[in-house]
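Participant: What follows is my_file_34.txt, made up of compact mmCIF, C-alpha atoms and all ligand atoms:
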# COMPACT_ATOMS: atom_id res chain seq x y z
CA MET A 1 91.37 86.74 91.42
CA SER A 2 93.88 89.53 90.76
CA GLN A 3 96.74 90.37 93.13
CA ALA A 4 94.89 93.58 94.10
CA ASP A 5 91.76 91.60 94.99
CA ARG A 6 93.81 89.15 97.07
CA THR A 7 95.43 92.05 98.95
CA ARG A 8 92.00 93.57 99.60
CA GLU A 9 90.59 90.24 100.83
CA ARG A 10 93.54 89.79 103.18
CA LEU A 11 93.10 93.29 104.56
CA ILE A 12 89.40 92.75 105.18
CA GLU A 13 90.18 89.50 107.02
CA VAL A 14 92.75 91.30 109.20
CA TYR A 15 90.30 94.05 110.16
CA ARG A 16 87.43 91.64 110.70
CA LYS A 17 89.57 90.05 113.39
CA LYS A 18 90.57 93.42 114.84
CA ALA A 19 87.14 95.08 114.76
CA LYS A 20 85.75 93.83 118.05
CA ARG A 21 88.66 95.09 120.15
CA TYR A 22 89.83 97.90 117.86
CA ASP A 23 88.74 100.77 120.12
CA LEU A 24 90.67 99.27 123.02
CA THR A 25 93.78 98.12 121.17
CA SER A 26 94.02 101.31 119.14
CA ARG A 27 94.81 103.17 122.36
CA LEU A 28 98.17 101.43 122.22
CA TYR A 29 98.59 102.03 118.47
CA PRO A 30 101.21 102.16 117.12
CA ALA A 31 102.93 101.97 120.54
CA PRO A 32 102.00 102.56 124.19
CA GLY A 33 102.23 106.26 125.07
CA TYR A 34 101.70 107.43 121.49
CA PRO A 35 99.60 110.65 121.61
CA GLN A 36 97.00 109.32 119.23
CA ARG A 37 94.04 111.26 120.59
CA ALA A 38 95.97 114.54 120.48
CA GLN A 39 96.97 113.85 116.89
CA ARG A 40 93.37 113.12 115.89
CA THR A 41 92.31 116.41 117.46
CA ARG A 42 95.04 118.23 115.56
CA ALA A 43 93.98 116.60 112.28
CA VAL A 44 90.32 117.56 112.77
CA GLN A 45 91.31 121.11 113.75
CA SER A 46 93.36 121.41 110.56
CA LEU A 47 90.11 121.03 108.59
CA GLY A 48 88.75 124.33 109.96
CA LEU A 49 85.24 122.85 110.17
CA ARG A 50 82.13 124.97 110.59
CA ALA A 51 78.59 124.16 111.63
CA GLY A 52 76.69 122.51 108.80
CA ASP A 53 79.75 121.16 106.94
CA THR A 54 79.75 117.85 105.07
CA VAL A 55 82.79 115.73 105.96
CA VAL A 56 83.99 112.47 104.44
CA ASP A 57 85.96 110.30 106.89
CA MET A 58 87.86 108.05 104.49
CA ALA A 59 88.62 104.58 105.89
CA CYS A 60 86.80 105.62 109.05
CA GLY A 61 87.12 102.25 110.78
CA THR A 62 84.99 102.17 113.92
CA GLY A 63 84.41 105.92 113.78
CA LEU A 64 86.95 107.11 116.33
CA ASN A 65 86.99 110.56 114.68
CA PHE A 66 83.23 111.02 114.65
CA GLN A 67 82.89 112.63 118.09
CA LEU A 68 85.49 115.27 117.24
CA VAL A 69 83.88 115.99 113.87
CA GLU A 70 80.35 116.07 115.32
CA ALA A 71 81.45 118.63 117.90
CA ALA A 72 82.55 120.92 115.07
CA ILE A 73 79.78 120.46 112.48
CA GLY A 74 76.78 120.01 114.78
CA PRO A 75 73.47 118.39 113.88
CA THR A 76 73.10 120.38 110.66
CA GLY A 77 76.33 118.94 109.30
CA ARG A 78 76.86 115.54 107.78
CA ILE A 79 79.47 112.80 108.08
CA VAL A 80 80.02 110.19 105.38
CA GLY A 81 82.10 107.36 106.83
CA VAL A 82 83.70 105.11 104.22
CA ASP A 83 85.47 101.84 104.90
CA LEU A 84 86.33 98.58 103.14
CA THR A 85 85.68 96.30 106.11
CA ASP A 86 82.12 95.40 107.03
CA ALA A 87 83.00 94.54 110.63
CA MET A 88 84.68 97.90 111.24
CA LEU A 89 81.65 99.68 109.81
CA ALA A 90 79.38 97.61 112.03
CA ARG A 91 81.24 98.97 115.07
CA ALA A 92 80.97 102.48 113.62
CA GLY A 93 77.22 101.92 113.28
CA GLU A 94 77.00 100.95 116.95
CA ARG A 95 78.85 104.15 117.88
CA VAL A 96 76.46 106.23 115.77
CA ALA A 97 73.41 104.58 117.34
CA ALA A 98 74.78 104.88 120.89
CA ASN A 99 75.32 108.63 120.39
CA GLY A 100 72.03 109.20 118.61
CA TRP A 101 73.72 110.86 115.62
CA SER A 102 71.22 111.05 112.78
CA ASN A 103 73.57 112.80 110.36
CA VAL A 104 76.04 109.97 109.68
CA THR A 105 75.98 107.79 106.56
CA LEU A 106 78.20 104.71 106.45
CA VAL A 107 79.36 103.34 103.11
CA GLN A 108 81.25 100.11 102.50
CA ALA A 109 83.64 100.84 99.63
CA ASP A 110 87.24 100.69 98.56
CA ALA A 111 88.81 104.13 98.95
CA ALA A 112 90.27 103.81 95.46
CA GLU A 113 86.85 103.33 93.91
CA PHE A 114 84.69 105.51 96.12
CA ALA A 115 82.70 108.15 94.23
CA PHE A 116 82.93 111.21 96.49
CA PRO A 117 79.68 113.17 96.75
CA ALA A 118 79.79 116.59 95.12
CA GLU A 119 80.49 119.71 97.18
CA VAL A 120 82.17 118.09 100.14
CA ASP A 121 83.52 120.64 102.65
CA ALA A 122 86.26 118.47 104.12
CA ILE A 123 87.90 115.06 103.84
CA LEU A 124 89.76 113.37 106.64
CA SER A 125 91.70 110.13 106.75
CA THR A 126 93.50 108.92 109.85
CA TYR A 127 95.87 105.96 110.19
CA ALA A 128 94.53 104.39 107.02
CA LEU A 129 95.49 106.00 103.72
CA THR A 130 99.05 104.63 103.66
CA GLN A 131 97.46 101.17 103.56
CA VAL A 132 95.78 101.99 100.27
CA PRO A 133 98.11 101.36 97.32
CA GLU A 134 96.20 103.92 95.24
CA CYS A 135 96.52 106.63 97.93
CA GLY A 136 97.63 109.29 95.43
CA GLN A 137 94.56 108.61 93.35
CA VAL A 138 92.33 108.89 96.43
CA ILE A 139 93.79 112.34 97.19
CA ALA A 140 93.12 113.38 93.59
CA HIS A 141 89.52 112.11 93.58
CA GLY A 142 88.83 113.82 96.89
CA ALA A 143 90.42 117.10 95.80
CA ALA A 144 88.18 117.12 92.71
CA ALA A 145 85.06 116.67 94.87
CA LEU A 146 85.89 119.36 97.43
CA SER A 147 84.03 122.64 97.27
CA GLY A 148 86.22 125.72 96.70
CA GLY A 149 88.41 126.18 99.76
CA GLY A 150 87.38 122.79 101.16
CA ARG A 151 90.07 121.01 103.15
CA TRP A 152 91.79 117.58 102.91
CA ALA A 153 93.76 116.23 105.88
CA VAL A 154 95.67 112.96 106.18
CA LEU A 155 97.15 111.77 109.48
CA ASP A 156 99.18 108.60 109.29
CA LEU A 157 102.38 106.82 110.18
CA LYS A 158 105.69 106.86 108.35
CA ILE A 159 109.29 105.77 108.71
CA PRO A 160 111.53 108.64 109.91
CA ASP A 161 113.47 110.10 106.97
CA LEU A 162 116.90 109.50 108.44
CA THR A 163 116.28 105.81 109.00
CA PRO A 164 118.65 104.05 106.60
CA ARG A 165 116.79 101.93 104.05
CA TRP A 166 118.65 98.80 105.18
CA LEU A 167 117.43 99.37 108.76
CA SER A 168 113.79 99.84 107.81
CA ARG A 169 114.03 96.77 105.56
CA LEU A 170 115.53 94.82 108.46
CA GLY A 171 112.65 96.03 110.64
CA GLY A 172 110.24 94.76 108.02
CA ALA A 173 112.06 91.45 107.74
CA THR A 174 111.88 90.79 111.47
CA VAL A 175 108.09 90.88 111.24
CA ARG A 176 107.93 88.70 108.14
CA GLY A 177 104.63 87.28 109.30
CA SER A 178 103.13 90.55 108.18
CA ALA A 179 104.07 90.65 104.49
CA SER A 180 102.04 93.83 104.12
CA LEU A 181 104.39 95.69 106.47
CA ASP A 182 107.31 94.74 104.24
CA GLU A 183 105.40 95.99 101.27
CA TRP A 184 104.44 99.22 103.11
CA ILE A 185 108.06 99.99 103.98
CA ALA A 186 109.21 99.39 100.42
CA ARG A 187 106.35 101.41 98.91
CA ARG A 188 106.87 104.50 101.13
CA PRO A 189 103.26 105.65 100.67
CA TRP A 190 103.73 108.80 102.77
CA GLU A 191 105.91 110.15 99.95
CA THR A 192 103.09 109.54 97.48
CA ILE A 193 100.64 111.31 99.79
CA ARG A 194 102.98 114.26 100.22
CA ALA A 195 103.46 114.58 96.46
CA ALA A 196 99.72 114.24 95.76
CA THR A 197 98.75 116.91 98.28
CA ARG A 198 101.35 119.27 96.77
CA GLU A 199 100.05 118.60 93.29
CA ARG A 200 96.31 118.65 93.93
CA LEU A 201 95.84 121.19 96.73
CA VAL A 202 96.72 124.81 97.35
CA ASP A 203 98.60 125.83 100.49
CA PRO A 204 99.69 122.25 101.14
CA SER A 205 101.23 121.68 104.55
CA TRP A 206 103.32 118.78 105.78
CA THR A 207 104.00 118.36 109.50
CA GLU A 208 106.17 115.62 110.90
CA LEU A 209 104.97 114.33 114.26
CA CYS A 210 106.57 112.21 116.95
CA PHE A 211 110.13 112.37 115.63
CA GLY A 212 109.09 111.67 112.06
CA THR A 213 107.13 108.51 112.83
CA ALA A 214 103.85 110.16 111.85
CA PHE A 215 102.72 113.02 109.64
CA LEU A 216 99.85 115.38 109.07
CA ALA A 217 99.40 116.42 105.44
CA ALA A 218 96.74 119.00 104.69
CA GLY A 219 95.66 121.50 102.10
CA SER A 220 92.75 123.29 100.45
CA ALA A 221 90.90 122.80 97.22
CA ARG A 222 91.33 125.41 94.52
CA SER A 223 88.52 127.97 94.61
C1 LIG A 301 94.11 101.35 111.34
S1 LIG A 301 92.42 101.43 110.83
C2 LIG A 301 92.08 103.16 111.03
C3 LIG A 301 90.63 103.41 111.21
C4 LIG A 301 90.25 104.86 111.55
N1 LIG A 301 90.53 105.76 110.44
C5 LIG A 301 90.96 105.33 112.78
O1 LIG A 301 91.64 106.38 112.74
O2 LIG A 301 90.84 104.68 113.83
C6 LIG A 301 92.53 101.27 109.07
C7 LIG A 301 91.17 101.20 108.37
O3 LIG A 301 91.37 101.37 106.98
C8 LIG A 301 90.45 100.56 106.31
N2 LIG A 301 90.94 100.37 104.93
C9 LIG A 301 92.12 99.82 104.56
N3 LIG A 301 92.23 99.82 103.22
C10 LIG A 301 91.11 100.42 102.74
C11 LIG A 301 90.64 100.73 101.44
N4 LIG A 301 91.34 100.41 100.36
N5 LIG A 301 89.45 101.35 101.32
C12 LIG A 301 88.72 101.68 102.42
N6 LIG A 301 89.11 101.39 103.67
C13 LIG A 301 90.29 100.77 103.83
C14 LIG A 301 90.40 99.29 107.13
O4 LIG A 301 89.23 98.53 106.86
C15 LIG A 301 90.44 99.86 108.53
O5 LIG A 301 89.16 100.09 109.04
Show this structure as structure tokens.
Ligand SMILES: C[S@@+](CC[C@H](N)C(=O)[O-])C[C@H]1O[C@@H](n2cnc3c(N)ncnc32)[C@H](O)[C@@H]1O
Facilitator:
Amino acid sequence: MSQADRTRERLIEVYRKKAKRYDLTSRLYPAPGYPQRAQRTRAVQSLGLRAGDTVVDMACGTGLNFQLVEAAIGPTGRIVGVDLTDAMLARAGERVAANGWSNVTLVQADAAEFAFPAEVDAILSTYALTQVPECGQVIAHGAAALSGGGRWAVLDLKIPDLTPRWLSRLGGATVRGSASLDEWIARRPWETIRAATRERLVDPSWTELCFGTAFLAAGSARS
């Protein structure tokens, strides 16, 4: 098994354990008082969705964005929810059934390998893409699949820019149990996402949220 496969297996195990309580615990994510719901709303609004749009929610987890997206696209629209972890998708499926949404397709796939459907109107990823080592590639694949003027938006966490590297490394070291956090801090995936959105999208925007601990990156596909 390659290192990438081992990382993927470990991630799936982590989210299998989290899935059952994810909707509850995510209210405190990444810290109590964090305006997560408001940030989700802002991310969905940045897509400028219209009735009938097709939206990919990349690494959708349990589908916490679905309600917001459904409200914008209506029953003639379509959501494709993609996630690596079966247990998270199972919770998403329960949410879809409970709400009677008949326009949601759930796909178990690695974001890096997912073949985006053609002519997608919008792609959203919240609190997930920085966990994907190939995040720049995912932005590129998505941008290529978007219809002209279609929108990409990524909401995720980051380390504030002015945090000295030694301090963020120390932060990582104190939670050594989570080797992936160490790796995340060293990899600085938000910089990759920022560069990829600048390169692949027109009118790219980058908004720092919550004192630089989160960001919203967005942009449009070339017409
Ligand atoms: C913190 S949860 C966020 C879920 C959801 N987007 C939300 O906002 O609540 C991260 C999700 O990313 C998924 N994930 C991580 N790496 C992935 C990958 N390479 N491909 C697809 N999904 C991935 C996990 O399975 C998990 O469901």
Participant: Hey, can you check how far atom CA of A:Cys60 sits from atom CA of A:Val104?
Facilitator: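 Atom-to-atom, atom CA of A:Cys60 to atom CA of A:Val104, that is 11.6 Å.
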Participant: Have a look at A:Gly33, A:Glu113, A:Tyr127, A:Ala43 and name the one nearest to ligand LIG 301 (chain A); count all atoms listed in the file.
Facilitator: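 Among the listed residues, the smallest separation from ligand LIG 301 (chain A) belongs to A:Tyr127.
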Participant: Have a look at A:Ala221, A:Met1, A:Met88, A:Val14 and name the one nearest to A:Ala144; count only C-alpha atoms.
Facilitator: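 Closest to A:Ala144, using only C-alpha atoms: A:Ala221.
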Participant: Please provide as a PyMOL selection string all residues within 9 Å of stretch 73-76 of chain A, with the sequence filter that same-chain residues fewer than 3 positions apart are discarded (counting all atoms listed in the file).
Facilitator: chain A and resi 49-55+69-70+79+101-103
Participant: Mind giving me the straight-line distance from atom CA of A:Lys158 to atom CA of A:Leu68 in Å, one decimal?
Facilitator: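 Here the two named atoms are 23.6 Å from each other.
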Participant: Restricting the calculation to only C-alpha atoms and all ligand atoms: of A:Ala115, A:Ala71, A:Ala186, A:Leu155, which residue gets closest to ligand LIG 301 (chain A)?
Facilitator: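 When distances to ligand LIG 301 (chain A) are compared using only C-alpha atoms and all ligand atoms, the smallest one comes from A:Leu155.
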Participant: Residues of chain A within 9 Å of ligand LIG 301 (chain A): nearest atom pair and distance (Å, one decimal) for each, counting only C-alpha atoms and all ligand atoms, sorted by chain and number, as a tab-separated table?
Facilitator:
residue	atom	partner	partner_atom	distance
A:Arg8	CA	A:LIG301	N4	6.9
A:Leu11	CA	A:LIG301	C9	6.6
A:Ile12	CA	A:LIG301	O4	6.0
A:Val14	CA	A:LIG301	O4	8.4
A:Tyr15	CA	A:LIG301	O4	5.7
A:Arg16	CA	A:LIG301	O4	8.1
A:Lys18	CA	A:LIG301	O5	9.0
A:Ala19	CA	A:LIG301	O5	7.9
A:Tyr22	CA	A:LIG301	O2	8.0
A:Asp23	CA	A:LIG301	O2	7.7
A:Ser26	CA	A:LIG301	O2	7.0
A:Tyr29	CA	A:LIG301	C1	8.4
A:Gln36	CA	A:LIG301	O1	8.9
A:Arg40	CA	A:LIG301	O1	7.6
A:Asp57	CA	A:LIG301	N1	7.4
A:Met58	CA	A:LIG301	C12	6.8
A:Ala59	CA	A:LIG301	N6	3.9
A:Cys60	CA	A:LIG301	N1	4.0
A:Gly61	CA	A:LIG301	O5	3.4
A:Thr62	CA	A:LIG301	C4	6.4
A:Gly63	CA	A:LIG301	C4	6.3
A:Leu64	CA	A:LIG301	O2	5.2
A:Asn65	CA	A:LIG301	O1	6.5
A:Val82	CA	A:LIG301	C12	6.3
A:Asp83	CA	A:LIG301	N6	3.9
A:Leu84	CA	A:LIG301	C12	4.0
A:Thr85	CA	A:LIG301	O4	4.3
A:Asp86	CA	A:LIG301	O4	7.8
A:Ala87	CA	A:LIG301	O4	8.3
A:Met88	CA	A:LIG301	O5	5.5
A:Leu89	CA	A:LIG301	O5	7.6
A:Gln108	CA	A:LIG301	C12	7.6
A:Ala109	CA	A:LIG301	C12	5.9
A:Asp110	CA	A:LIG301	N5	3.6
A:Ala111	CA	A:LIG301	N5	3.7
A:Ala112	CA	A:LIG301	N4	6.1
A:Glu113	CA	A:LIG301	N5	8.1
A:Phe114	CA	A:LIG301	N5	8.2
A:Leu124	CA	A:LIG301	N1	8.5
A:Ser125	CA	A:LIG301	N1	5.8
A:Thr126	CA	A:LIG301	O1	4.3
A:Tyr127	CA	A:LIG301	C2	4.8
A:Ala128	CA	A:LIG301	C6	4.2
A:Leu129	CA	A:LIG301	O3	7.0
A:Thr130	CA	A:LIG301	N3	8.4
A:Gln131	CA	A:LIG301	N3	5.4
A:Val132	CA	A:LIG301	N4	4.7
A:Pro133	CA	A:LIG301	N4	7.5
A:Glu134	CA	A:LIG301	N4	7.9
A:Cys135	CA	A:LIG301	N4	8.5
A:Leu155	CA	A:LIG301	O1	8.4
A:Asp156	CA	A:LIG301	O1	8.6
Participant: Quick one: of A:Val107, A:Val202, A:Leu157, A:Ala145, who's nearest to A:Ala122, counting all atoms listed in the file?
Facilitator: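 Distance minimum relative to A:Ala122 lands on A:Ala145.
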Participant: When you draw a straight line from atom CA of A:Ala153 to atom CA of A:Lys17, how long is it in Å?
Facilitator: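 These atoms are spaced 27.6 Å apart.
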